[in-house]
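Here the structure is laid out as structure tokens; the discussion comes afterwards.
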Amino acid sequence: MTFLASPCCKSDLELLPKKIEIYENEGKIIKEALLICKTCSFEFPVIDGIPRLDLELSPQELTQLKVLKNSDFSSCSGERKFSSEHDRYDEIEKEIRKIMKVPTESNYLRERVENDIVYRIKGCELQDKYVQTINSRNQAAIKSILDVGGMQGGLAKCLDLNYKPDLTIILDKSIDWTHIALLRNPNAQIIRADAARLPFKKDSIDLVISQATLEHIEEYRKVVTEMVKVTKHTCFIAWSPNKLSLYDFGHLDAPVTLFNKNIAKKVALAWHRMRRTNRSPDSIIRQLDKTFYISTREVRKIMKSYGTTYNMFVEFACNSLRSEYSYRGRGLKKIFSRTPFLAKLFFRILVILSIEPQCYYLLRK
């Protein structure tokens, strides 16, 4: 409640009722409650311990909101139960495979999805390269962390283990991955909200971070603005691909970033036919419809008005070469690791030309 604000008007929220609590390891979990803004009159439900701070609640959330408004709350006690560390990742894998179905129509897609699943199980936690990159520019103490678009919670867990903050928040528009994030890090606070309308007070969160989320939000300019506003000390935003890099690695695997959607669809379809990947036109169109290509210049223009802004691509790429885990580009990593000086020079040239394939920007207030 120290950090929360109405996503509509940014005024304080009131928690009602205040007595329904579940005690776990001497902490408090508000299982079901109401969050009310007296300024803009918006009401938000807390369901299963997750504040639903979105201005557009789902039909199920609206139904639950009505139930909560008419409920006679009383205090209760209990605990959230999670697997032992030995079984935790087996359970995480089961939950991920329920969400991600492995396609059968194409060997290219099947291998791609299987690699993605392996990454999401445990690889997503091996993110020390983010910590090293942030530490190179951040000197402030980090007591609160917000991961915007945190999904399965891997990056949030890595940051939590390294900085040991008092509060780690994972925010996402969808809560499909909530159970997985909590299996991974039971102490994290999940919030369902719109990244373009963050429900936090200005200058309230020490470290605000987003990874591989910005490119999937049409209102990405608003998201960047919201993130830097709620940042107290440091904001780190990573996305890919860079619009000016021409090629989309990871989403469409095609040279489409400079084109509008209609032309990009034709180019992507022709590219995959030429490569004989057997990727279906429907999967290409669906992916393109939910991917937006953003240049580093756009984000830098927004961020620099709030503080000192750094392009961190060279630092991040060098830290990635030294990291033990690599999700993509293993072949390139082997080549660059043998010649670190030439690799760093190559990375700098990409930044000078504004064509680096992946984007990493840090704001320090």
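Letters A, B, ... mark the chains of the structure tokens in the order given; residue numbers begin at 1 per chain; ligand numbers begin at 1, in order shown.
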(request) Find the residues around Leu246 of chain A up to 10 Å (only C-alpha atoms counted), leave out those fewer than 6 positions away in its own chain, and share them as number ranges by chain. (result) A: 254-259, 293, 355-357
(request) Excluding Arg300 of chain A and residues on its chain fewer than 6 positions from it, collect all residues at most 12 Å away from it, counting only C-alpha atoms, and give them as an MDAnalysis selection string. (result) chainID A and resid 221 224:225 228 236:237 294 306:312 354 359:363
(request) Could you please write out, as a PyMOL selection string, every residue of segment 50-143 of chain A that DSSP assigns to helix (DSSP H, G or I)? (result) chain A and resi 59-69+85-99+107-121+123-125+128-135
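Counting only C-alpha atoms, Arg279 of chain A has the following residues at most 7 Å away, ignoring those fewer than 5 positions along the same chain: Ser106, Leu109 and His272 of chain A.
The spacing separating atom CA of Pro241 of chain A from atom CA of Glu219 of chain A amounts to 16.6 Å.
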(message) Residues within 7 Å of Ala195 of chain A, please, as a list in words. Count only C-alpha atoms; anything in the same chain fewer than 3 positions from it doesn't count.
(response) Val148, Leu198 and Val223 of chain A
Store the residues picked out above in a file with C-alpha atoms, as a PDB file, in the first residue's frame.
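Just written: result.pdb:
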```pdb
ATOM      1  CA  VAL A 148       6.966  -5.044 -15.806  1.00  0.00           C
ATOM      2  CA  LEU A 198       1.040   1.551 -13.898  1.00  0.00           C
ATOM      3  CA  VAL A 223       4.786   2.195 -21.117  1.00  0.00           C
TER       4      VAL A 223
END
```
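Reported to one decimal place, the separation of atom CA of Lys365 of chain A from atom CA of Gln139 of chain A is 11.0 Å.
Picture a line from atom CA of Arg52 of chain A to atom CA of Cys37 of chain A; it runs 13.4 Å.
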(request) Do a neighbour search on segment 164-173 of chain A at 8 Å with only C-alpha atoms, toss out local chain neighbours closer than 2 positions, and write the hits as JSON, numbers by chain. (result) {"A": [54, 142, 143, 144, 145, 146, 147, 148, 149, 150, 151, 153, 156, 159, 160, 161, 162, 175, 187, 188, 189, 190, 191, 192, 193, 194, 195]}
(message) Which residue is closest to Glu105 of chain A? Choose from A:Asn319, A:Asn278, A:Arg273, A:Ser305 and count only C-alpha atoms.
(response)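 Looking at the shortest contact to Glu105 of chain A, the residue is A:Asn278.
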(request) Just list the residues in segment 169-280 of chain A DSSP gives strand (DSSP E or B) on the backbone, as a PyMOL selection string. (result) chain A and resi 169-172+189-193+200+205-211+231-239+242+248+254
(request) Find the residues near Val131 of chain A: any atom within 12 Å, counting only C-alpha atoms, skip ones fewer than 2 places away on the same chain, and give them as a list of chain:residue names. (result)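 Listed by chain and then number, they are A:Glu125, A:Leu126, A:Gln127, A:Asp128, A:Lys129, A:Thr133, A:Ile134, A:Asn135, A:Ser136, A:Arg137, A:Asn138, A:Ile142, A:Leu155, A:Ala156, A:Lys157, A:Cys158, A:Leu159, A:Asp160, A:Leu161, A:Asn162, A:Tyr163, A:Leu207, A:Ile209, A:Phe236, A:Glu315, A:Phe316, A:Asn319, A:Ser320, A:Ser323.
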(message) Can you tell me which residues surround segment 14-16 of chain A at a distance of at most 10 Å, considering only C-alpha atoms, apart from same-chain residues fewer than 4 positions away, and format the answer as a ChimeraX atom specification?
(response) /A:1,4-6,20,30,32-38,43-46,68-69,73
How would the residues just chosen look if you wrote them out with C-alpha atoms as a short mmCIF file (atom, residue, chain, number, x, y, z; two decimals), in the first residue's frame?
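What landed in result31.cif:
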```
data_model
loop_
_atom_site.label_atom_id
_atom_site.label_comp_id
_atom_site.auth_asym_id
_atom_site.auth_seq_id
_atom_site.Cartn_x
_atom_site.Cartn_y
_atom_site.Cartn_z
CA MET A 1 0.00 0.00 0.00
CA LEU A 4 0.17 1.58 -4.86
CA ALA A 5 -1.88 4.29 -6.57
CA SER A 6 -4.93 4.38 -8.81
CA ILE A 20 -8.90 -10.51 6.07
CA ILE A 30 -4.42 -10.16 1.86
CA GLU A 32 -9.55 -11.15 -0.78
CA ALA A 33 -10.32 -7.46 -0.41
CA LEU A 34 -11.25 -4.24 -2.18
CA LEU A 35 -9.00 -1.40 -3.27
CA ILE A 36 -10.90 1.87 -3.64
CA CYS A 37 -9.86 5.26 -4.99
CA LYS A 38 -11.98 8.01 -3.46
CA GLU A 43 -12.88 0.00 -7.35
CA PHE A 44 -10.50 -2.91 -7.80
CA PRO A 45 -10.72 -6.45 -6.39
CA VAL A 46 -7.98 -8.44 -4.72
CA LEU A 68 -16.61 -8.85 -2.56
CA LYS A 69 -18.64 -5.65 -2.17
CA PHE A 73 -15.34 -10.57 5.68
#
```
(message) With distances taken over only C-alpha atoms, which residue among A:Ile285, A:Gln358, A:Met227, A:Asn262 lies nearest Phe249 of chain A?
(response) A:Gln358
(message) For a quick check of understanding, using only C-alpha atoms, which of A:Ala141, A:Ile263, A:Ser283, A:Cys9 has the smallest distance to Pro103 of chain A?
(response)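 Ranking A:Ala141, A:Ile263, A:Ser283, A:Cys9 by distance to Pro103 of chain A, first place goes to A:Ser283.
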